[in-house]
$ cat my_file.txt   # compact mmCIF, N, CA and C atoms
# COMPACT_ATOMS: atom_id res chain seq x y z
N LYS A 1 132.07 111.90 -92.10
CA LYS A 1 132.55 111.92 -90.73
C LYS A 1 131.77 112.96 -89.93
N ALA A 2 131.55 112.66 -88.65
CA ALA A 2 130.87 113.62 -87.79
C ALA A 2 131.88 114.65 -87.32
N ARG A 3 131.48 115.89 -87.37
CA ARG A 3 132.36 116.96 -86.92
C ARG A 3 132.16 117.21 -85.43
N ALA A 4 133.23 117.60 -84.77
CA ALA A 4 133.13 117.96 -83.36
C ALA A 4 132.42 119.29 -83.24
N ALA A 5 131.67 119.47 -82.16
CA ALA A 5 130.95 120.72 -81.95
C ALA A 5 131.94 121.86 -81.75
N LEU A 6 131.63 122.99 -82.37
CA LEU A 6 132.49 124.15 -82.24
C LEU A 6 132.09 124.97 -81.03
N SER A 7 133.07 125.52 -80.37
CA SER A 7 132.79 126.37 -79.22
C SER A 7 132.24 127.70 -79.73
N PRO A 8 131.54 128.46 -78.86
CA PRO A 8 131.04 129.77 -79.27
C PRO A 8 132.15 130.69 -79.77
N LEU A 9 133.33 130.57 -79.17
CA LEU A 9 134.44 131.41 -79.61
C LEU A 9 134.89 131.03 -81.01
N SER A 10 134.94 129.73 -81.29
CA SER A 10 135.31 129.27 -82.63
C SER A 10 134.30 129.75 -83.66
N LEU A 11 133.01 129.69 -83.29
CA LEU A 11 131.98 130.17 -84.20
C LEU A 11 132.12 131.67 -84.44
N ALA A 12 132.44 132.42 -83.38
CA ALA A 12 132.62 133.86 -83.52
C ALA A 12 133.81 134.16 -84.42
N ARG A 13 134.89 133.41 -84.23
CA ARG A 13 136.07 133.61 -85.07
C ARG A 13 135.76 133.29 -86.52
N ARG A 14 135.04 132.20 -86.74
CA ARG A 14 134.70 131.81 -88.10
C ARG A 14 133.83 132.86 -88.76
N SER A 15 132.81 133.35 -88.07
CA SER A 15 131.93 134.36 -88.68
C SER A 15 132.69 135.67 -88.91
N LEU A 16 133.60 136.02 -87.99
CA LEU A 16 134.40 137.22 -88.19
C LEU A 16 135.32 137.06 -89.39
N ALA A 17 135.92 135.89 -89.54
CA ALA A 17 136.80 135.65 -90.68
C ALA A 17 136.02 135.71 -91.99
N LEU A 18 134.82 135.12 -92.01
CA LEU A 18 134.01 135.17 -93.22
C LEU A 18 133.59 136.60 -93.56
N GLU A 19 133.25 137.35 -92.53
CA GLU A 19 132.89 138.76 -92.74
C GLU A 19 134.07 139.54 -93.28
N MET A 20 135.26 139.29 -92.72
CA MET A 20 136.45 139.99 -93.18
C MET A 20 136.77 139.64 -94.63
N LEU A 21 136.60 138.36 -94.99
CA LEU A 21 136.85 137.95 -96.36
C LEU A 21 135.89 138.62 -97.33
N ALA A 22 134.66 138.80 -96.89
CA ALA A 22 133.66 139.40 -97.77
C ALA A 22 133.89 140.90 -97.95
N THR A 23 134.50 141.56 -96.98
CA THR A 23 134.63 143.01 -97.04
C THR A 23 136.01 143.50 -97.42
N THR A 24 137.02 142.64 -97.44
CA THR A 24 138.38 143.11 -97.76
C THR A 24 138.65 143.02 -99.25
N GLN A 25 139.57 143.81 -99.68
CA GLN A 25 140.00 143.80 -101.09
C GLN A 25 140.93 142.61 -101.30
N PRO A 26 140.83 141.97 -102.44
CA PRO A 26 141.72 140.83 -102.69
C PRO A 26 143.17 141.30 -102.85
N LEU A 27 144.08 140.40 -102.51
CA LEU A 27 145.49 140.71 -102.68
C LEU A 27 145.83 140.76 -104.16
N SER A 28 146.82 141.52 -104.49
CA SER A 28 147.24 141.60 -105.89
C SER A 28 147.93 140.31 -106.30
N ALA A 29 147.91 140.04 -107.59
CA ALA A 29 148.54 138.82 -108.11
C ALA A 29 150.04 138.83 -107.84
N ALA A 30 150.64 140.01 -107.89
CA ALA A 30 152.09 140.10 -107.66
C ALA A 30 152.43 139.72 -106.23
N SER A 31 151.64 140.18 -105.32
CA SER A 31 151.94 139.86 -103.92
C SER A 31 151.69 138.39 -103.63
N LEU A 32 150.69 137.80 -104.31
CA LEU A 32 150.43 136.38 -104.11
C LEU A 32 151.56 135.52 -104.68
N ARG A 33 152.08 135.92 -105.85
CA ARG A 33 153.16 135.14 -106.46
C ARG A 33 154.43 135.22 -105.63
N GLY A 34 154.71 136.38 -105.11
CA GLY A 34 155.94 136.56 -104.36
C GLY A 34 155.85 136.04 -102.95
N GLY A 35 154.64 135.72 -102.50
CA GLY A 35 154.46 135.25 -101.14
C GLY A 35 154.65 136.34 -100.11
N VAL A 36 154.67 137.59 -100.55
CA VAL A 36 154.87 138.71 -99.64
C VAL A 36 153.49 139.33 -99.35
N VAL A 37 153.24 139.55 -98.09
CA VAL A 37 151.97 140.17 -97.69
C VAL A 37 152.21 141.67 -97.59
N PRO A 38 151.38 142.47 -98.26
CA PRO A 38 151.55 143.91 -98.16
C PRO A 38 151.45 144.39 -96.71
N ALA A 39 152.12 145.51 -96.42
CA ALA A 39 152.15 146.03 -95.06
C ALA A 39 150.75 146.34 -94.54
N GLU A 40 149.86 146.82 -95.41
CA GLU A 40 148.49 147.14 -94.98
C GLU A 40 147.79 145.88 -94.51
N ASP A 41 147.97 144.78 -95.27
CA ASP A 41 147.33 143.53 -94.90
C ASP A 41 147.91 142.96 -93.61
N ALA A 42 149.19 143.12 -93.41
CA ALA A 42 149.82 142.65 -92.18
C ALA A 42 149.28 143.44 -90.99
N ALA A 43 149.11 144.75 -91.17
CA ALA A 43 148.58 145.58 -90.08
C ALA A 43 147.13 145.21 -89.81
N ALA A 44 146.37 144.95 -90.87
CA ALA A 44 144.97 144.56 -90.70
C ALA A 44 144.88 143.21 -89.98
N ALA A 45 145.76 142.28 -90.33
CA ALA A 45 145.76 140.97 -89.68
C ALA A 45 146.11 141.10 -88.20
N ALA A 46 147.08 141.96 -87.89
CA ALA A 46 147.44 142.18 -86.48
C ALA A 46 146.28 142.81 -85.72
N CYS A 47 145.60 143.75 -86.39
CA CYS A 47 144.44 144.40 -85.76
C CYS A 47 143.33 143.38 -85.52
N ASP A 48 143.11 142.51 -86.50
CA ASP A 48 142.08 141.48 -86.37
C ASP A 48 142.42 140.51 -85.25
N GLU A 49 143.69 140.13 -85.16
CA GLU A 49 144.12 139.22 -84.10
C GLU A 49 143.92 139.88 -82.73
N SER A 50 144.22 141.15 -82.64
CA SER A 50 144.02 141.88 -81.40
C SER A 50 142.54 141.92 -81.04
N PHE A 51 141.72 142.15 -82.05
CA PHE A 51 140.27 142.17 -81.82
C PHE A 51 139.78 140.81 -81.32
N LEU A 52 140.28 139.75 -81.91
CA LEU A 52 139.89 138.41 -81.49
C LEU A 52 140.33 138.12 -80.06
N GLU A 53 141.51 138.57 -79.69
CA GLU A 53 141.98 138.38 -78.32
C GLU A 53 141.08 139.13 -77.34
N GLU A 54 140.72 140.37 -77.69
CA GLU A 54 139.82 141.14 -76.83
C GLU A 54 138.45 140.48 -76.73
N LEU A 55 137.97 139.96 -77.86
CA LEU A 55 136.70 139.26 -77.88
C LEU A 55 136.74 138.03 -76.99
N GLU A 56 137.84 137.30 -77.03
CA GLU A 56 137.99 136.11 -76.21
C GLU A 56 138.02 136.46 -74.72
N ILE A 57 138.70 137.54 -74.38
CA ILE A 57 138.76 137.99 -72.99
C ILE A 57 137.36 138.38 -72.51
N GLU A 58 136.65 139.12 -73.34
CA GLU A 58 135.29 139.54 -72.98
C GLU A 58 134.37 138.33 -72.83
N TYR A 59 134.51 137.38 -73.73
CA TYR A 59 133.72 136.15 -73.67
C TYR A 59 133.99 135.41 -72.36
N ASN A 60 135.25 135.24 -72.01
CA ASN A 60 135.60 134.53 -70.78
C ASN A 60 135.08 135.27 -69.55
N ASP A 61 135.12 136.60 -69.57
CA ASP A 61 134.59 137.39 -68.45
C ASP A 61 133.09 137.17 -68.30
N LYS A 62 132.37 137.20 -69.42
CA LYS A 62 130.92 137.00 -69.38
C LYS A 62 130.57 135.60 -68.87
N VAL A 63 131.31 134.61 -69.31
CA VAL A 63 131.07 133.24 -68.86
C VAL A 63 131.31 133.14 -67.35
N ALA A 64 132.37 133.76 -66.87
CA ALA A 64 132.67 133.74 -65.43
C ALA A 64 131.56 134.45 -64.65
N GLN A 65 131.07 135.56 -65.17
CA GLN A 65 129.98 136.27 -64.50
C GLN A 65 128.72 135.42 -64.44
N MET A 66 128.40 134.74 -65.55
CA MET A 66 127.20 133.90 -65.57
C MET A 66 127.34 132.72 -64.62
N ARG A 67 128.52 132.13 -64.56
CA ARG A 67 128.73 131.01 -63.63
C ARG A 67 128.59 131.46 -62.19
N ALA A 68 129.13 132.63 -61.87
CA ALA A 68 129.01 133.15 -60.51
C ALA A 68 127.55 133.44 -60.17
N LEU A 69 126.82 134.00 -61.13
CA LEU A 69 125.40 134.30 -60.90
C LEU A 69 124.61 133.02 -60.68
N THR A 70 124.84 132.00 -61.50
CA THR A 70 124.10 130.75 -61.32
C THR A 70 124.46 130.10 -59.99
N GLN A 71 125.70 130.22 -59.57
CA GLN A 71 126.10 129.68 -58.27
C GLN A 71 125.35 130.39 -57.14
N ARG A 72 125.31 131.73 -57.20
CA ARG A 72 124.60 132.50 -56.16
C ARG A 72 123.11 132.19 -56.16
N LEU A 73 122.49 132.11 -57.34
CA LEU A 73 121.07 131.81 -57.41
C LEU A 73 120.77 130.41 -56.90
N GLY A 74 121.64 129.45 -57.22
CA GLY A 74 121.45 128.10 -56.73
C GLY A 74 121.49 128.03 -55.21
N LEU A 75 122.44 128.73 -54.62
CA LEU A 75 122.53 128.77 -53.15
C LEU A 75 121.32 129.47 -52.54
N LYS A 76 120.87 130.53 -53.18
CA LYS A 76 119.71 131.27 -52.68
C LYS A 76 118.46 130.38 -52.68
N TYR A 77 118.22 129.69 -53.80
CA TYR A 77 117.03 128.84 -53.89
C TYR A 77 117.13 127.64 -52.97
N GLU A 78 118.31 127.11 -52.78
CA GLU A 78 118.50 126.01 -51.86
C GLU A 78 118.18 126.45 -50.43
N SER A 79 118.62 127.64 -50.06
CA SER A 79 118.35 128.18 -48.74
C SER A 79 116.85 128.42 -48.54
N GLU A 80 116.21 128.98 -49.57
CA GLU A 80 114.77 129.22 -49.48
C GLU A 80 114.00 127.92 -49.35
N ALA A 81 114.43 126.87 -50.05
CA ALA A 81 113.75 125.58 -49.95
C ALA A 81 113.90 125.00 -48.54
N ARG A 82 115.08 125.15 -47.95
CA ARG A 82 115.27 124.68 -46.57
C ARG A 82 114.36 125.44 -45.61
N MET A 83 114.24 126.74 -45.81
CA MET A 83 113.37 127.54 -44.93
C MET A 83 111.91 127.09 -45.05
N GLU A 84 111.47 126.81 -46.27
CA GLU A 84 110.10 126.34 -46.46
C GLU A 84 109.89 124.98 -45.81
N LEU A 85 110.89 124.11 -45.87
CA LEU A 85 110.77 122.81 -45.23
C LEU A 85 110.69 122.94 -43.72
N LEU A 86 111.40 123.91 -43.16
CA LEU A 86 111.35 124.12 -41.71
C LEU A 86 109.98 124.61 -41.25
N LYS A 87 109.23 125.22 -42.14
CA LYS A 87 107.89 125.69 -41.79
C LYS A 87 106.88 124.55 -41.67
N LEU A 88 107.19 123.40 -42.26
CA LEU A 88 106.28 122.25 -42.20
C LEU A 88 106.33 121.62 -40.82
N PRO A 89 105.22 121.00 -40.39
CA PRO A 89 105.23 120.30 -39.11
C PRO A 89 106.27 119.17 -39.12
N LEU A 90 106.80 118.87 -37.95
CA LEU A 90 107.84 117.85 -37.83
C LEU A 90 107.37 116.51 -38.37
N ALA A 91 106.09 116.17 -38.15
CA ALA A 91 105.58 114.88 -38.63
C ALA A 91 105.65 114.80 -40.16
N VAL A 92 105.39 115.91 -40.83
CA VAL A 92 105.45 115.92 -42.29
C VAL A 92 106.91 115.86 -42.73
N ARG A 93 107.78 116.60 -42.06
CA ARG A 93 109.20 116.60 -42.43
C ARG A 93 109.84 115.23 -42.25
N SER A 94 109.35 114.45 -41.28
CA SER A 94 109.96 113.15 -41.01
C SER A 94 109.42 112.05 -41.92
N MET A 95 108.39 112.35 -42.72
CA MET A 95 107.85 111.37 -43.65
C MET A 95 108.84 111.12 -44.80
N THR A 96 108.81 109.89 -45.29
CA THR A 96 109.55 109.62 -46.52
C THR A 96 108.69 110.13 -47.68
N VAL A 97 109.28 110.22 -48.85
CA VAL A 97 108.53 110.69 -50.01
C VAL A 97 107.38 109.72 -50.31
N GLY A 98 107.64 108.45 -50.15
CA GLY A 98 106.60 107.45 -50.38
C GLY A 98 105.43 107.61 -49.42
N GLU A 99 105.71 107.79 -48.14
CA GLU A 99 104.65 108.01 -47.15
C GLU A 99 103.88 109.29 -47.46
N PHE A 100 104.61 110.32 -47.82
CA PHE A 100 103.98 111.60 -48.14
C PHE A 100 103.01 111.45 -49.31
N CYS A 101 103.42 110.73 -50.33
CA CYS A 101 102.56 110.54 -51.50
C CYS A 101 101.38 109.62 -51.18
N ASP A 102 101.62 108.54 -50.41
CA ASP A 102 100.55 107.60 -50.08
C ASP A 102 99.51 108.23 -49.17
N GLU A 103 99.94 108.88 -48.10
CA GLU A 103 99.02 109.41 -47.11
C GLU A 103 98.39 110.74 -47.52
N CYS A 104 99.12 111.54 -48.25
CA CYS A 104 98.65 112.90 -48.52
C CYS A 104 98.50 113.20 -50.01
N GLY A 105 98.76 112.24 -50.84
CA GLY A 105 98.61 112.46 -52.27
C GLY A 105 99.61 113.46 -52.84
N GLY A 106 100.68 113.74 -52.12
CA GLY A 106 101.69 114.68 -52.61
C GLY A 106 101.31 116.13 -52.41
N ASP A 107 100.23 116.40 -51.67
CA ASP A 107 99.76 117.77 -51.46
C ASP A 107 100.18 118.24 -50.07
N VAL A 108 100.90 119.34 -50.00
CA VAL A 108 101.42 119.84 -48.72
C VAL A 108 100.27 120.26 -47.80
N GLU A 109 99.29 120.96 -48.34
CA GLU A 109 98.16 121.41 -47.51
C GLU A 109 97.42 120.22 -46.93
N GLN A 110 97.21 119.20 -47.74
CA GLN A 110 96.55 117.99 -47.26
C GLN A 110 97.40 117.31 -46.19
N ALA A 111 98.71 117.34 -46.34
CA ALA A 111 99.60 116.73 -45.35
C ALA A 111 99.49 117.45 -44.01
N ILE A 112 99.43 118.77 -44.05
CA ILE A 112 99.30 119.54 -42.81
C ILE A 112 97.97 119.21 -42.13
N GLN A 113 96.88 119.12 -42.91
CA GLN A 113 95.57 118.77 -42.34
C GLN A 113 95.59 117.34 -41.79
N HIS A 114 96.25 116.44 -42.51
CA HIS A 114 96.34 115.04 -42.08
C HIS A 114 97.07 114.94 -40.74
N VAL A 115 98.14 115.67 -40.60
CA VAL A 115 98.91 115.66 -39.35
C VAL A 115 98.09 116.27 -38.22
N ALA A 116 97.35 117.34 -38.52
CA ALA A 116 96.51 117.97 -37.50
C ALA A 116 95.42 117.00 -37.02
N LYS A 117 94.79 116.29 -37.95
CA LYS A 117 93.76 115.31 -37.58
C LYS A 117 94.35 114.19 -36.74
N ARG A 118 95.54 113.73 -37.15
CA ARG A 118 96.19 112.64 -36.42
C ARG A 118 96.56 113.08 -35.01
N SER A 119 97.03 114.32 -34.86
CA SER A 119 97.39 114.79 -33.52
C SER A 119 96.15 115.00 -32.66
N LYS A 120 95.04 115.44 -33.26
CA LYS A 120 93.79 115.57 -32.50
C LYS A 120 93.29 114.20 -32.05
N ALA A 121 93.37 113.23 -32.95
CA ALA A 121 92.92 111.87 -32.62
C ALA A 121 93.77 111.28 -31.51
N SER A 122 95.06 111.50 -31.55
CA SER A 122 95.93 110.93 -30.51
C SER A 122 95.73 111.64 -29.18
N SER A 123 95.47 112.95 -29.23
CA SER A 123 95.22 113.66 -27.95
C SER A 123 93.86 113.29 -27.38
N SER A 124 92.86 113.04 -28.23
CA SER A 124 91.54 112.60 -27.76
C SER A 124 91.63 111.21 -27.15
N ALA A 125 92.40 110.34 -27.76
CA ALA A 125 92.57 108.98 -27.25
C ALA A 125 93.29 109.01 -25.92
N ALA A 126 94.23 109.92 -25.74
CA ALA A 126 94.98 110.03 -24.49
C ALA A 126 94.07 110.52 -23.38
N GLU A 127 93.09 111.38 -23.70
CA GLU A 127 92.16 111.89 -22.68
C GLU A 127 91.19 110.81 -22.25
N LEU A 128 90.82 109.91 -23.14
CA LEU A 128 89.87 108.86 -22.83
C LEU A 128 90.47 107.75 -21.97
N MET A 129 91.75 107.56 -22.04
CA MET A 129 92.42 106.53 -21.25
C MET A 129 92.55 106.99 -19.80
N PRO A 130 92.29 106.04 -18.88
CA PRO A 130 92.42 106.41 -17.44
C PRO A 130 93.84 106.52 -16.98
$ encode --input "my_file.txt" --output "structure tokens"
Amino acid sequence: KARAALSPLSLARRSLALEMLATTQPLSAASLRGGVVPAEDAAAAACDESFLEELEIEYNDKVAQMRALTQRLGLKYESEARMELLKLPLAVRSMTVGEFCDECGGDVEQAIQHVAKRSKASSSAAELMP
């Protein structure tokens, strides 16, 4: 069967649990038979649970910070792209992507030169007409 992907928090919990298992002393046979968990182990489990809760809070805070940062960066780059588009001549801005690629080969500098040549040609033609 295919397993569902684990979240980063689940992976952190799993690795922490494996680390704890590797470093803790095994329970005594008497405590295992009686089903009673020694007080030290209960305190350690509570401490571990507290640590996991703090880790989860920190994880959620970091995720929220990263989402806010990506939102701000996205808005910044969108604004910068609009400003760059406003710097282009109106004739270039009004072109469709297809026209831009056909007439100018997708090159902005070539598009600006193309528009300049076209405007010179139209102004020269207007001067020649009576």
$ atom_distance --input "my_file.txt" --atom1 "atom C of Pro89 in chain A" --atom2 "atom C of Gln110 in chain A"
11.5 Å
$ residues_around --input "my_file.txt" --residues "Gly106 in chain A" --least-positions-apart "6" --cutoff "12 Å" --atoms "only C-alpha atoms" --output "PyMOL selection string"
chain A and resi 92+95-100+112+114
$ residues_around --input "my_file.txt" --residues "Leu88 in chain A" --least-positions-apart "2" --cutoff "12 Å" --atoms "only C-alpha atoms" --output "number ranges by chain"
A: 81-86, 90-95, 108-113, 115-116
$ atom_distance --input "my_file.txt" --atom1 "atom C of Met66 in chain A" --atom2 "atom C of Cys47 in chain A"
28.4 Å
$ atom_distance --input "my_file.txt" --atom1 "CA of Asp102 in chain A" --atom2 "atom N of Lys117 in chain A"
16.0 Å
$ axis_aligned_box --input "my_file.txt" --around "range 68-84 of chain A" --padding-each-side "5 Å" --output "lines of an AutoDock Vina configuration file"
center_x = 119.5
center_y = 129.5
center_z = -53.4
size_x = 29.2
size_y = 19.6
size_z = 26.9
$ decode --input "my_file.txt" --residues "range 55-66 of chain A" --atoms "all heavy atoms" --output "PDB file, in the first residue's frame"
ATOM      1  N   LEU A  55       7.799  22.834  19.982  1.00  0.00           N
ATOM      2  CA  LEU A  55       8.324  22.668  18.633  1.00  0.00           C
ATOM      3  C   LEU A  55       7.249  22.939  17.591  1.00  0.00           C
ATOM      4  O   LEU A  55       7.501  23.601  16.576  1.00  0.00           O
ATOM      5  CB  LEU A  55       8.879  21.253  18.474  1.00  0.00           C
ATOM      6  CG  LEU A  55       9.574  20.927  17.160  1.00  0.00           C
ATOM      7  CD1 LEU A  55      10.831  21.773  17.004  1.00  0.00           C
ATOM      8  CD2 LEU A  55       9.924  19.459  17.111  1.00  0.00           C
ATOM      9  N   GLU A  56       6.039  22.472  17.849  1.00  0.00           N
ATOM     10  CA  GLU A  56       4.934  22.693  16.920  1.00  0.00           C
ATOM     11  C   GLU A  56       4.583  24.182  16.828  1.00  0.00           C
ATOM     12  O   GLU A  56       4.344  24.703  15.739  1.00  0.00           O
ATOM     13  CB  GLU A  56       3.709  21.890  17.358  1.00  0.00           C
ATOM     14  CG  GLU A  56       2.578  21.943  16.360  1.00  0.00           C
ATOM     15  CD  GLU A  56       1.456  20.978  16.715  1.00  0.00           C
ATOM     16  OE1 GLU A  56       1.532  20.314  17.763  1.00  0.00           O
ATOM     17  OE2 GLU A  56       0.505  20.911  15.931  1.00  0.00           O
ATOM     18  N   ILE A  57       4.591  24.868  17.953  1.00  0.00           N
ATOM     19  CA  ILE A  57       4.310  26.303  17.962  1.00  0.00           C
ATOM     20  C   ILE A  57       5.383  27.051  17.167  1.00  0.00           C
ATOM     21  O   ILE A  57       5.078  27.917  16.341  1.00  0.00           O
ATOM     22  CB  ILE A  57       4.216  26.832  19.406  1.00  0.00           C
ATOM     23  CG1 ILE A  57       2.952  26.300  20.075  1.00  0.00           C
ATOM     24  CG2 ILE A  57       4.242  28.360  19.440  1.00  0.00           C
ATOM     25  CD1 ILE A  57       2.899  26.534  21.569  1.00  0.00           C
ATOM     26  N   GLU A  58       6.632  26.696  17.399  1.00  0.00           N
ATOM     27  CA  GLU A  58       7.733  27.347  16.678  1.00  0.00           C
ATOM     28  C   GLU A  58       7.636  27.072  15.183  1.00  0.00           C
ATOM     29  O   GLU A  58       7.834  27.970  14.360  1.00  0.00           O
ATOM     30  CB  GLU A  58       9.068  26.835  17.220  1.00  0.00           C
ATOM     31  CG  GLU A  58      10.265  27.536  16.621  1.00  0.00           C
ATOM     32  CD  GLU A  58      11.565  27.061  17.234  1.00  0.00           C
ATOM     33  OE1 GLU A  58      11.563  26.581  18.380  1.00  0.00           O
ATOM     34  OE2 GLU A  58      12.590  27.189  16.544  1.00  0.00           O
ATOM     35  N   TYR A  59       7.305  25.838  14.834  1.00  0.00           N
ATOM     36  CA  TYR A  59       7.143  25.466  13.432  1.00  0.00           C
ATOM     37  C   TYR A  59       6.038  26.293  12.782  1.00  0.00           C
ATOM     38  O   TYR A  59       6.224  26.853  11.695  1.00  0.00           O
ATOM     39  CB  TYR A  59       6.830  23.965  13.337  1.00  0.00           C
ATOM     40  CG  TYR A  59       6.399  23.509  11.976  1.00  0.00           C
ATOM     41  CD1 TYR A  59       7.329  23.277  10.972  1.00  0.00           C
ATOM     42  CD2 TYR A  59       5.052  23.305  11.682  1.00  0.00           C
ATOM     43  CE1 TYR A  59       6.933  22.859   9.722  1.00  0.00           C
ATOM     44  CE2 TYR A  59       4.648  22.886  10.430  1.00  0.00           C
ATOM     45  CZ  TYR A  59       5.598  22.667   9.457  1.00  0.00           C
ATOM     46  OH  TYR A  59       5.194  22.256   8.218  1.00  0.00           O
ATOM     47  N   ASN A  60       4.897  26.404  13.437  1.00  0.00           N
ATOM     48  CA  ASN A  60       3.779  27.178  12.891  1.00  0.00           C
ATOM     49  C   ASN A  60       4.143  28.652  12.751  1.00  0.00           C
ATOM     50  O   ASN A  60       3.749  29.305  11.779  1.00  0.00           O
ATOM     51  CB  ASN A  60       2.532  27.007  13.758  1.00  0.00           C
ATOM     52  CG  ASN A  60       1.942  25.621  13.640  1.00  0.00           C
ATOM     53  OD1 ASN A  60       2.098  24.959  12.620  1.00  0.00           O
ATOM     54  ND2 ASN A  60       1.276  25.163  14.680  1.00  0.00           N
ATOM     55  N   ASP A  61       4.898  29.194  13.705  1.00  0.00           N
ATOM     56  CA  ASP A  61       5.340  30.589  13.615  1.00  0.00           C
ATOM     57  C   ASP A  61       6.252  30.794  12.407  1.00  0.00           C
ATOM     58  O   ASP A  61       6.117  31.774  11.674  1.00  0.00           O
ATOM     59  CB  ASP A  61       6.070  31.024  14.886  1.00  0.00           C
ATOM     60  CG  ASP A  61       5.134  31.211  16.071  1.00  0.00           C
ATOM     61  OD1 ASP A  61       3.902  31.283  15.851  1.00  0.00           O
ATOM     62  OD2 ASP A  61       5.630  31.284  17.214  1.00  0.00           O
ATOM     63  N   LYS A  62       7.190  29.876  12.213  1.00  0.00           N
ATOM     64  CA  LYS A  62       8.112  29.988  11.071  1.00  0.00           C
ATOM     65  C   LYS A  62       7.363  29.893   9.750  1.00  0.00           C
ATOM     66  O   LYS A  62       7.650  30.640   8.811  1.00  0.00           O
ATOM     67  CB  LYS A  62       9.191  28.899  11.136  1.00  0.00           C
ATOM     68  CG  LYS A  62      10.161  29.059  12.260  1.00  0.00           C
ATOM     69  CD  LYS A  62      11.064  30.243  12.040  1.00  0.00           C
ATOM     70  CE  LYS A  62      12.087  30.332  13.159  1.00  0.00           C
ATOM     71  NZ  LYS A  62      12.890  31.517  13.062  1.00  0.00           N
ATOM     72  N   VAL A  63       6.408  28.993   9.672  1.00  0.00           N
ATOM     73  CA  VAL A  63       5.621  28.849   8.449  1.00  0.00           C
ATOM     74  C   VAL A  63       4.840  30.137   8.178  1.00  0.00           C
ATOM     75  O   VAL A  63       4.795  30.624   7.042  1.00  0.00           O
ATOM     76  CB  VAL A  63       4.680  27.626   8.533  1.00  0.00           C
ATOM     77  CG1 VAL A  63       3.653  27.636   7.415  1.00  0.00           C
ATOM     78  CG2 VAL A  63       5.484  26.336   8.512  1.00  0.00           C
ATOM     79  N   ALA A  64       4.256  30.715   9.212  1.00  0.00           N
ATOM     80  CA  ALA A  64       3.507  31.969   9.048  1.00  0.00           C
ATOM     81  C   ALA A  64       4.440  33.091   8.599  1.00  0.00           C
ATOM     82  O   ALA A  64       4.063  33.893   7.727  1.00  0.00           O
ATOM     83  CB  ALA A  64       2.815  32.342  10.357  1.00  0.00           C
ATOM     84  N   GLN A  65       5.640  33.152   9.161  1.00  0.00           N
ATOM     85  CA  GLN A  65       6.603  34.177   8.749  1.00  0.00           C
ATOM     86  C   GLN A  65       6.997  33.999   7.287  1.00  0.00           C
ATOM     87  O   GLN A  65       7.082  34.982   6.531  1.00  0.00           O
ATOM     88  CB  GLN A  65       7.858  34.108   9.622  1.00  0.00           C
ATOM     89  CG  GLN A  65       7.667  34.593  11.023  1.00  0.00           C
ATOM     90  CD  GLN A  65       8.911  34.355  11.883  1.00  0.00           C
ATOM     91  OE1 GLN A  65       9.927  33.839  11.418  1.00  0.00           O
ATOM     92  NE2 GLN A  65       8.823  34.740  13.144  1.00  0.00           N
ATOM     93  N   MET A  66       7.236  32.757   6.873  1.00  0.00           N
ATOM     94  CA  MET A  66       7.620  32.507   5.480  1.00  0.00           C
ATOM     95  C   MET A  66       6.483  32.846   4.524  1.00  0.00           C
ATOM     96  O   MET A  66       6.713  33.409   3.446  1.00  0.00           O
ATOM     97  CB  MET A  66       8.058  31.058   5.299  1.00  0.00           C
ATOM     98  CG  MET A  66       9.413  30.772   5.909  1.00  0.00           C
ATOM     99  SD  MET A  66      10.057  29.141   5.499  1.00  0.00           S
ATOM    100  CE  MET A  66       9.148  28.129   6.651  1.00  0.00           C
TER     101      MET A  66
END
